[in-house]
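Structure file target-v9.tsv with TSV, C-alpha atoms and all ligand atoms:
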chain	number	residue	atom	x	y	z
A	424	MET	CA	40.36	42.87	126.52
A	425	ILE	CA	37.13	44.65	127.28
A	426	GLN	CA	37.81	48.28	127.91
A	427	LYS	CA	36.14	50.48	130.44
A	428	LEU	CA	32.59	51.31	129.47
A	429	LEU	CA	32.78	54.98	128.57
A	430	LEU	CA	29.17	55.55	127.67
A	431	SER	CA	26.01	55.28	129.61
A	432	LEU	CA	23.39	52.98	128.19
A	433	ILE	CA	22.25	53.91	124.70
A	434	ILE	CA	18.97	52.54	123.50
A	435	PRO	CA	18.80	50.18	121.78
A	436	ALA	CA	22.48	49.27	121.76
A	437	THR	CA	25.40	50.16	123.96
A	438	ILE	CA	28.20	51.07	121.60
A	439	LEU	CA	31.54	50.53	123.25
A	440	TYR	CA	33.56	51.64	120.23
A	441	GLY	CA	33.07	53.40	116.94
A	442	SER	CA	31.38	56.50	115.80
A	443	GLN	CA	29.27	56.89	118.92
A	444	MET	CA	32.47	57.71	120.71
A	445	ALA	CA	33.27	60.63	118.47
A	446	VAL	CA	34.30	63.56	120.64
A	447	THR	CA	35.08	67.12	119.78
A	448	SER	CA	38.53	68.48	120.35
A	449	SER	CA	39.35	71.95	119.07
A	450	SER	CA	36.76	71.60	116.31
A	451	SER	CA	38.04	68.19	115.21
A	452	TYR	CA	36.16	64.93	115.64
A	453	TYR	CA	37.70	61.56	116.34
A	454	ILE	CA	36.75	57.94	116.61
A	455	TYR	CA	38.77	55.42	118.57
A	456	THR	CA	39.26	51.75	117.88
A	457	PRO	CA	39.29	49.36	120.87
A	458	ALA	CA	43.10	49.40	120.74
A	459	GLY	CA	43.00	53.18	121.13
A	460	ILE	CA	43.94	54.09	117.59
A	461	GLN	CA	42.65	57.60	116.96
A	462	ILE	CA	41.10	58.38	113.59
A	463	GLU	CA	40.24	61.97	112.74
A	464	ILE	CA	36.89	62.29	111.03
A	465	GLU	CA	34.87	65.02	109.37
A	466	TYR	CA	31.14	65.25	108.89
A	467	GLY	CA	29.81	66.07	105.43
A	468	THR	CA	26.96	68.45	104.86
A	469	GLY	CA	24.81	65.93	103.00
A	470	THR	CA	24.18	68.51	100.29
A	471	ASP	CA	27.35	68.20	98.24
A	472	GLY	CA	27.16	64.87	96.45
A	473	TYR	CA	28.45	64.30	92.93
A	474	SER	CA	27.49	61.59	90.43
A	475	TYR	CA	30.27	60.38	88.16
A	476	ASN	CA	29.47	59.27	84.65
A	477	ILE	CA	30.96	55.83	85.15
A	478	SER	CA	30.48	54.85	81.50
A	479	ASN	CA	33.53	57.05	80.86
A	480	TYR	CA	35.69	54.48	82.67
A	481	THR	CA	36.38	51.21	80.85
A	482	GLY	CA	34.99	48.21	82.70
A	483	ALA	CA	33.55	50.18	85.62
A	484	THR	CA	30.22	48.93	86.96
A	485	LEU	CA	27.87	50.56	89.40
A	486	LEU	CA	27.47	48.85	92.81
A	487	VAL	CA	25.53	51.40	94.86
A	488	ASP	CA	23.97	54.42	93.20
A	489	ILE	CA	24.48	57.13	95.78
A	490	ALA	CA	26.00	60.58	95.54
A	491	THR	CA	26.80	61.92	98.96
A	492	ASP	CA	29.59	63.76	100.76
A	493	THR	CA	28.65	62.18	104.10
A	494	PHE	CA	31.19	59.37	103.78
A	495	ASN	CA	34.12	58.87	101.46
A	496	CYS	CA	36.33	56.19	99.93
A	497	HIS	CA	38.42	55.79	103.10
A	498	THR	CA	35.35	55.37	105.30
A	499	PHE	CA	34.04	52.75	102.88
A	500	ALA	CA	37.26	50.73	102.63
A	501	TRP	CA	38.65	51.09	106.16
A	502	TYR	CA	35.76	51.75	108.52
A	503	TYR	CA	32.94	49.90	106.76
A	504	GLN	CA	35.46	47.30	105.49
A	505	GLY	CA	33.91	47.34	102.04
A	506	ASP	CA	30.41	46.54	103.29
A	507	LEU	CA	28.22	48.04	100.56
A	508	TYR	CA	25.33	48.83	102.87
A	509	ALA	CA	26.98	49.60	106.21
A	510	TYR	CA	26.32	53.29	105.62
A	511	ILE	CA	22.58	52.72	105.95
A	512	ALA	CA	22.71	51.49	109.54
A	513	GLU	CA	25.85	53.23	110.73
A	514	THR	CA	26.97	56.76	111.37
A	515	GLN	CA	28.47	58.40	108.31
A	516	PHE	CA	31.59	60.52	108.31
A	517	ASN	CA	34.62	61.23	106.14
A	518	ILE	CA	38.12	60.02	106.92
A	519	ASN	CA	40.87	62.07	105.31
A	520	ASP	CA	43.82	59.98	106.47
A	521	PRO	CA	43.25	56.27	107.17
A	522	THR	CA	46.95	55.48	107.75
A	523	PRO	CA	46.63	55.45	111.57
A	524	TYR	CA	44.83	52.12	111.06
A	525	VAL	CA	48.18	50.78	109.83
A	526	GLY	CA	50.28	52.66	112.35
A	527	ASN	CA	52.70	50.86	114.65
A	528	PRO	CA	53.10	47.27	113.36
A	529	SER	CA	52.79	45.83	116.86
A	530	ASN	CA	49.46	47.55	117.38
A	531	THR	CA	47.53	47.01	114.19
A	532	CYS	CA	45.72	44.25	112.31
A	533	TYR	CA	47.23	45.20	108.94
A	534	SER	CA	50.44	44.09	107.29
A	535	ILE	CA	52.08	46.35	104.74
A	536	ILE	CA	52.44	44.42	101.47
A	537	TYR	CA	53.59	47.33	99.29
A	538	SER	CA	54.51	50.85	100.29
A	539	ASP	CA	54.79	53.76	97.85
A	540	GLU	CA	55.42	51.90	94.62
A	541	TYR	CA	54.36	52.53	91.05
A	542	LEU	CA	51.50	50.26	90.09
A	543	THR	CA	52.64	47.29	87.97
A	544	ASP	CA	51.24	43.97	86.79
A	545	THR	CA	53.55	42.29	89.32
A	546	ILE	CA	51.88	44.16	92.15
A	547	ALA	CA	48.47	43.45	90.62
A	548	SER	CA	49.14	39.71	90.42
A	549	ASN	CA	50.13	39.56	94.11
A	550	LEU	CA	46.91	41.15	95.39
A	551	GLN	CA	44.39	39.16	97.42
A	552	VAL	CA	40.67	39.64	97.92
A	553	GLY	CA	40.13	42.03	100.83
A	554	ASP	CA	43.43	43.89	100.36
A	555	ILE	CA	43.11	47.66	100.67
A	556	ILE	CA	44.93	49.73	98.06
A	557	LEU	CA	45.84	53.31	98.85
A	558	TYR	CA	46.51	55.59	95.86
A	559	LYS	CA	48.86	58.51	96.54
A	560	TYR	CA	50.51	61.30	94.59
A	561	SER	CA	54.13	60.30	94.07
A	562	ASP	CA	55.86	63.50	92.95
A	563	THR	CA	58.19	64.65	95.70
A	564	THR	CA	58.32	68.14	94.25
A	565	TYR	CA	54.62	68.38	93.66
A	566	ILE	CA	52.43	70.43	95.92
A	567	PHE	CA	50.46	67.29	96.76
A	568	ASP	CA	53.57	65.34	97.76
A	569	ASN	CA	52.45	62.00	99.15
A	570	GLU	CA	48.92	63.21	99.64
A	571	ILE	CA	46.45	60.39	99.89
A	572	LYS	CA	44.04	60.25	96.97
A	573	HIS	CA	41.92	57.14	97.22
A	574	SER	CA	41.24	53.85	99.00
A	575	ALA	CA	39.81	50.75	97.33
A	576	MET	CA	39.30	47.10	98.28
A	577	VAL	CA	40.18	44.13	96.08
A	578	VAL	CA	37.17	41.96	95.18
A	579	GLN	CA	38.69	39.73	92.48
A	580	THR	CA	42.27	38.68	91.79
A	581	GLY	CA	43.97	38.77	88.40
A	582	SER	CA	47.36	38.91	86.71
A	583	THR	CA	47.26	42.47	85.36
A	584	THR	CA	46.22	45.94	86.48
A	585	THR	CA	43.21	45.69	84.20
A	586	SER	CA	42.04	42.24	85.31
A	587	VAL	CA	42.11	42.76	89.08
A	588	ARG	CA	38.76	44.12	90.29
A	589	ILE	CA	38.32	46.58	93.15
A	590	LYS	CA	35.37	48.26	94.81
A	591	SER	CA	35.49	51.80	96.11
A	592	LYS	CA	33.43	54.87	96.73
A	593	TRP	CA	34.24	57.51	94.17
A	594	GLY	CA	34.71	60.58	96.32
A	595	LYS	CA	31.34	62.24	96.86
A	596	GLY	CA	29.75	59.85	94.40
A	597	GLN	CA	28.77	56.25	93.78
A	598	ILE	CA	30.23	52.98	95.03
A	599	VAL	CA	31.73	51.39	91.92
A	600	GLU	CA	33.56	48.23	90.89
A	601	SER	CA	36.44	48.79	88.47
A	602	ASP	CA	39.88	47.57	87.57
A	603	LEU	CA	42.99	49.05	89.18
A	604	VAL	CA	43.52	51.83	86.68
A	605	HIS	CA	40.20	52.85	85.12
A	606	HIS	CA	38.74	55.11	87.78
A	607	PRO	CA	39.02	58.85	88.50
A	608	PHE	CA	41.70	58.50	91.16
A	609	TYR	CA	44.54	56.89	89.27
A	610	THR	CA	46.95	58.82	87.08
A	611	PRO	CA	49.57	56.72	85.28
A	612	ALA	CA	53.12	57.85	84.72
A	613	ILE	CA	53.66	59.60	81.40
A	614	GLY	CA	56.88	58.88	79.55
A	615	ASP	CA	60.07	59.29	81.54
A	616	LYS	CA	58.99	59.53	85.15
A	617	LEU	CA	61.72	62.04	85.96
A	618	LEU	CA	60.90	64.40	83.12
A	619	SER	CA	57.14	64.35	82.95
A	620	TYR	CA	54.24	63.58	85.20
A	621	PRO	CA	55.38	60.80	87.52
A	622	GLY	CA	52.07	59.03	88.09
A	623	ASP	CA	50.75	57.70	91.34
A	624	PHE	CA	52.13	55.52	94.06
A	625	VAL	CA	50.13	52.73	95.59
A	626	CYS	CA	50.34	51.14	99.02
A	627	VAL	CA	48.77	47.76	99.73
A	628	TYR	CA	47.57	46.68	103.17
A	629	ARG	CA	46.35	43.23	104.15
A	630	HIS	CA	44.70	42.00	107.33
A	631	ASN	CA	46.96	39.78	109.42
A	632	SER	CA	46.26	37.26	112.17
A	633	ASN	CA	45.53	40.04	114.67
A	634	HIS	CA	42.27	40.69	112.82
A	635	THR	CA	39.86	38.52	114.79
A	636	SER	CA	36.41	39.06	116.24
A	637	THR	CA	37.25	38.64	119.91
A	638	CYS	CA	36.55	42.11	121.28
A	639	LEU	CA	33.11	43.11	122.54
A	640	ILE	CA	32.11	46.12	120.43
A	641	SER	CA	28.50	46.69	121.44
A	642	TYR	CA	25.50	44.98	122.97
A	643	ASN	CA	21.81	45.45	123.55
A	644	ASP	CA	19.24	43.53	125.58
A	645	TYR	CA	19.23	40.63	123.12
A	646	THR	CA	22.55	40.45	121.29
A	647	HIS	CA	26.25	41.09	121.59
A	648	THR	CA	28.50	42.18	118.74
A	649	TYR	CA	32.16	41.25	118.55
A	650	GLY	CA	34.83	42.76	116.35
A	651	CYS	CA	38.55	43.27	115.94
A	652	TYR	CA	40.45	44.71	118.90
A	653	TYR	CA	42.68	46.71	116.55
A	654	CYS	CA	40.37	48.10	113.87
A	655	GLY	CA	37.00	47.54	115.54
A	656	ARG	CA	35.49	45.79	112.52
A	657	SER	CA	34.94	42.21	111.38
A	658	LEU	CA	31.68	42.33	113.28
A	659	ILE	CA	29.78	39.24	114.36
A	660	THR	CA	26.44	39.57	116.13
A	661	ASN	CA	24.94	36.70	118.15
A	662	ASN	CA	22.22	36.32	120.73
A	663	HIS	CA	23.29	36.44	124.36
A	664	THR	CA	23.67	33.12	126.17
A	665	PHE	CA	21.84	33.87	129.37
A	666	GLY	CA	21.96	32.02	132.66
A	667	ALA	CA	19.00	31.86	135.04
A	668	TYR	CA	17.23	35.01	136.17
A	669	SER	CA	17.91	36.60	139.51
A	670	SER	CA	15.41	39.03	140.93
A	671	SER	CA	14.69	41.60	143.59
A	672	ASN	CA	11.25	42.95	144.39
A	673	THR	CA	11.67	45.48	141.59
A	674	TYR	CA	13.92	44.03	138.88
A	675	HIS	CA	15.01	40.80	137.32
A	676	TRP	CA	18.35	40.34	135.64
A	677	HIS	CA	20.45	37.70	133.95
A	678	THR	CA	24.05	37.60	132.79
A	679	CYS	CA	25.41	36.44	129.45
A	680	SER	CA	28.08	33.76	129.83
A	681	VAL	CA	29.81	34.93	126.63
A	682	CYS	CA	30.05	38.71	126.98
A	683	SER	CA	29.50	38.91	130.78
A	684	GLN	CA	26.99	41.72	130.43
A	685	THR	CA	24.09	41.78	132.87
A	686	ILE	CA	20.76	42.82	131.41
A	687	TYR	CA	18.13	44.26	133.77
A	688	GLY	CA	14.40	44.26	133.21
A	689	GLN	CA	11.30	45.25	135.12
A	690	HIS	CA	8.84	42.69	136.39
A	691	TYR	CA	5.68	42.59	134.40
A	692	ALA	CA	2.63	40.45	135.18
A	693	ASN	CA	-0.37	39.51	133.07
A	694	THR	CA	-2.77	40.08	135.99
A	695	TYR	CA	-2.37	42.06	139.20
A	696	THR	CA	-3.85	42.18	142.66
A	697	ILE	CA	-4.32	45.87	143.28
A	698	ASN	CA	-4.47	48.05	146.39
A	699	PRO	CA	-4.23	51.87	146.58
A	700	ILE	CA	-0.42	51.83	147.01
A	701	THR	CA	0.88	48.74	145.21
A	702	HIS	CA	0.15	46.11	142.63
A	703	ILE	CA	1.06	42.47	143.22
A	704	GLY	CA	1.66	39.80	140.62
A	705	THR	CA	3.80	36.99	139.27
A	706	CYS	CA	6.33	38.15	136.67
A	707	ASN	CA	5.69	36.55	133.33
A	708	VAL	CA	9.40	36.85	132.44
A	709	CYS	CA	11.27	35.60	135.52
A	710	GLY	CA	8.42	33.90	137.37
A	711	SER	CA	8.96	35.69	140.66
A	712	TYR	CA	6.18	37.00	142.88
A	713	PHE	CA	6.51	40.75	143.37
A	714	GLU	CA	4.81	43.73	144.91
A	715	GLU	CA	5.74	47.26	143.90
A	716	PRO	CA	4.27	50.79	144.03
A	717	HIS	CA	2.12	51.91	141.14
A	718	ASP	CA	3.90	53.67	138.32
A	719	PHE	CA	1.61	56.69	138.01
A	720	VAL	CA	1.24	58.77	134.87
A	721	TYR	CA	-1.10	61.80	134.99
A	722	TYR	CA	-3.50	62.46	132.15
A	723	GLU	CA	-7.21	63.19	131.70
A	724	MET	CA	-7.40	64.58	135.25
A	725	LYS	CA	-6.37	61.27	136.82
A	726	TYR	CA	-3.32	59.26	137.83
A	727	HIS	CA	-3.02	56.00	135.89
A	728	CYS	CA	-0.65	53.14	136.73
A	729	SER	CA	1.20	52.31	133.53
A	730	LYS	CA	1.52	48.66	134.51
A	731	CYS	CA	-1.70	47.53	136.17
A	732	GLY	CA	-4.14	50.16	134.92
A	733	TYR	CA	-5.22	51.33	138.40
A	734	GLU	CA	-6.70	54.86	138.30
A	735	THR	CA	-7.15	57.42	141.05
A	736	LYS	CA	-7.46	61.16	141.58
A	737	HIS	CA	-5.54	60.95	144.85
A	738	PRO	CA	-2.44	58.77	144.49
A	739	LEU	CA	-0.72	57.31	147.55
A	740	TYR	CA	3.05	56.90	147.38
A	741	PRO	CA	4.94	54.67	149.80
A	742	ASN	CA	8.10	56.34	151.02
A	743	LYS	CA	10.39	53.61	149.80
A	744	GLN	CA	12.09	55.16	146.79
A	745	GLU	CA	15.61	54.77	148.21
A	746	GLU	CA	15.00	51.20	149.19
A	747	THR	CA	13.98	50.46	145.62
A	748	GLU	CA	17.18	51.93	144.21
A	749	ASN	CA	19.32	49.97	146.65
A	750	GLU	CA	17.62	46.75	145.70
A	751	LYS	CA	18.62	47.28	142.09
A	752	ILE	CA	22.29	47.52	143.05
A	753	ALA	CA	22.20	44.63	145.51
B	801	ZN	ZN	41.04	44.47	112.38
B	802	ZN	ZN	26.30	38.45	125.52
B	803	ZN	ZN	10.57	39.51	136.57
B	804	ZN	ZN	-0.09	49.54	139.41
Could you spell out this file's structure in structure tokens?
Ligand SMILES: [Zn+2]
Ligand SMILES: [Zn+2]
Ligand SMILES: [Zn+2]
Ligand SMILES: [Zn+2]
Amino acid sequence: MIQKLLLSLIIPATILYGSQMAVTSSSSYYIYTPAGIQIEIEYGTGTDGYSYNISNYTGATLLVDIATDTFNCHTFAWYYQGDLYAYIAETQFNINDPTPYVGNPSNTCYSIIYSDEYLTDTIASNLQVGDIILYKYSDTTYIFDNEIKHSAMVVQTGSTTTSVRIKSKWGKGQIVESDLVHHPFYTPAIGDKLLSYPGDFVCVYRHNSNHTSTCLISYNDYTHTYGCYYCGRSLITNNHTFGAYSSSNTYHWHTCSVCSQTIYGQHYANTYTINPITHIGTCNVCGSYFEEPHDFVYYEMKYHCSKCGYETKHPLYPNKQEETENEKIA
């Protein structure tokens, strides 16, 4: 399940999937889910936010008071999975078309519950918490034929379009809770659908049993984070379960029995025996006795060992650099 590690170590976390993997390709940017689903993204300028006057929309309540173009409704519903505060810790970008998340039914964690239907109370009453609703223009002759307008996530069930509650980011504006119809991105049909404005279609997507947290998404020295193999979300972070330390003269390392990652660290002692070339001590992390060359940093006209504090104007270096590197690999 765990894919090839495509990135070198990022401090503090190694991100295996997600926005850190965004790559440029003919001026487009993409992220990839662990299953390889490609999502085209766009970065906002951060200067083009817009605050809606939500009191104009019956029943709408403010959830997060932000006005930014750096992530949109699709990012919020599909990438952040409706997490109100994910944008604070995570990279922000806009998604214009989230439908690749649904994609090929054998390679997705979503089931299609409704596809391109006019919104009715029947549809409303069949919604479940966590469902994602996609609003689309319906008019096949209209310039915006089938263009995606808005994504929202169900937070409370109900029997009518005005009793079901959803949360969504309103374009370049706030994150708002509303009913299914009182928000800026829903236009109802007017009169005879064939003769006047036809109103919007909705699609409804629901996570299926593929949506589990069994894929390693990222890790750092202390924790591993698991998410869904298909969409990359449903994140769970736990501490590593380490076995005993192994050590060389230079490093110690231990391996997590859950995620199989090996974490390396440098020996570090509380007190050292010092000679002009090396310092010698007992590692206060792994307990092993070690001797290694000083780690000199030059300042104030002297060379200072960053570990043991030894100072000299004339540092002596043992010619064992290659040996040290080999020991790390061994
Ligand atoms: Zn998923
Ligand atoms: Zn682990
Ligand atoms: Zn150690
Ligand atoms: Zn030293």
Can you pull out every residue with an atom within 12 Å of ligand ZN 803 (chain B)? Use only C-alpha atoms and all ligand atoms and format it as a PyMOL selection string. chain A and resi 667-677+686-693+703-715
Name the residues in contact with stretch 511-516 of chain A at a cut-off of 6 Å, using all atoms listed in the file, excluding same-chain residues fewer than 6 positions from it; report them as a short mmCIF file (atom, residue, chain, number, x, y, z; two decimals) with C-alpha atoms, in the frame of the given file.
data_model
loop_
_atom_site.label_atom_id
_atom_site.label_comp_id
_atom_site.auth_asym_id
_atom_site.auth_seq_id
_atom_site.Cartn_x
_atom_site.Cartn_y
_atom_site.Cartn_z
CA GLU A 465 34.87 65.02 109.37
CA TYR A 466 31.14 65.25 108.89
CA THR A 493 28.65 62.18 104.10
CA PHE A 494 31.19 59.37 103.78
#
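Within 10 Å of the point (32.4, 48.7, 108.9), counting all atoms listed in the file, the protein and nucleic acid residues come to Gly441, Thr498, Phe499, Ala500, Trp501, Tyr502, Tyr503, Gln504, Gly505, Asp506, Leu507, Tyr508, Ala509, Tyr510, Glu513, Gly650, Cys654, Gly655, Arg656, Ser657 and Leu658 of chain A.
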What separation in Å, quoted to one decimal, exists between atom CA of A:Thr648 and atom CA of A:Lys592?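 Computing it gives 25.9 Å between the two atoms.
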Around ligand ZN 802 (chain B), at most 7 Å away and counting all atoms listed in the file, which residues are there? Put them as a list of chain:residue names, please. A:Thr646, A:His647, A:Asn662, A:His663, A:Thr664, A:Cys679, A:Ser680, A:Val681, A:Cys682, A:Ser683, A:Gln684
Please rebuild stretch 452-467 of chain A with N, CA and C atoms and return the result as a compact mmCIF listing (two decimals), in the frame of the given file.
# COMPACT_ATOMS: atom_id res chain seq x y z
N TYR A 452 36.89 66.07 115.11
CA TYR A 452 36.16 64.93 115.64
C TYR A 452 37.02 63.68 115.46
N TYR A 453 36.90 62.78 116.40
CA TYR A 453 37.70 61.56 116.34
C TYR A 453 36.84 60.36 116.67
N ILE A 454 37.23 59.21 116.10
CA ILE A 454 36.75 57.94 116.61
C ILE A 454 37.96 57.18 117.13
N TYR A 455 37.69 56.22 118.00
CA TYR A 455 38.77 55.42 118.57
C TYR A 455 38.45 53.95 118.39
N THR A 456 39.45 53.20 117.94
CA THR A 456 39.26 51.75 117.88
C THR A 456 39.46 51.19 119.29
N PRO A 457 39.07 49.93 119.53
CA PRO A 457 39.29 49.36 120.87
C PRO A 457 40.74 49.43 121.32
N ALA A 458 41.68 49.34 120.38
CA ALA A 458 43.10 49.40 120.74
C ALA A 458 43.56 50.83 121.01
N GLY A 459 42.65 51.79 120.84
CA GLY A 459 43.00 53.18 121.13
C GLY A 459 43.55 53.95 119.96
N ILE A 460 43.49 53.37 118.77
CA ILE A 460 43.94 54.09 117.59
C ILE A 460 42.95 55.22 117.31
N GLN A 461 43.48 56.42 117.16
CA GLN A 461 42.65 57.60 116.96
C GLN A 461 42.55 57.94 115.48
N ILE A 462 41.33 58.04 114.99
CA ILE A 462 41.10 58.38 113.59
C ILE A 462 40.34 59.70 113.54
N GLU A 463 40.93 60.68 112.88
CA GLU A 463 40.24 61.97 112.74
C GLU A 463 39.17 61.84 111.67
N ILE A 464 38.00 62.37 111.98
CA ILE A 464 36.89 62.29 111.03
C ILE A 464 36.31 63.68 110.79
N GLU A 465 35.51 63.76 109.76
CA GLU A 465 34.87 65.02 109.37
C GLU A 465 33.46 64.70 108.90
N TYR A 466 32.52 65.49 109.32
CA TYR A 466 31.14 65.25 108.89
C TYR A 466 30.85 66.04 107.62
N GLY A 467 30.23 65.38 106.65
CA GLY A 467 29.81 66.07 105.43
C GLY A 467 28.52 66.82 105.68
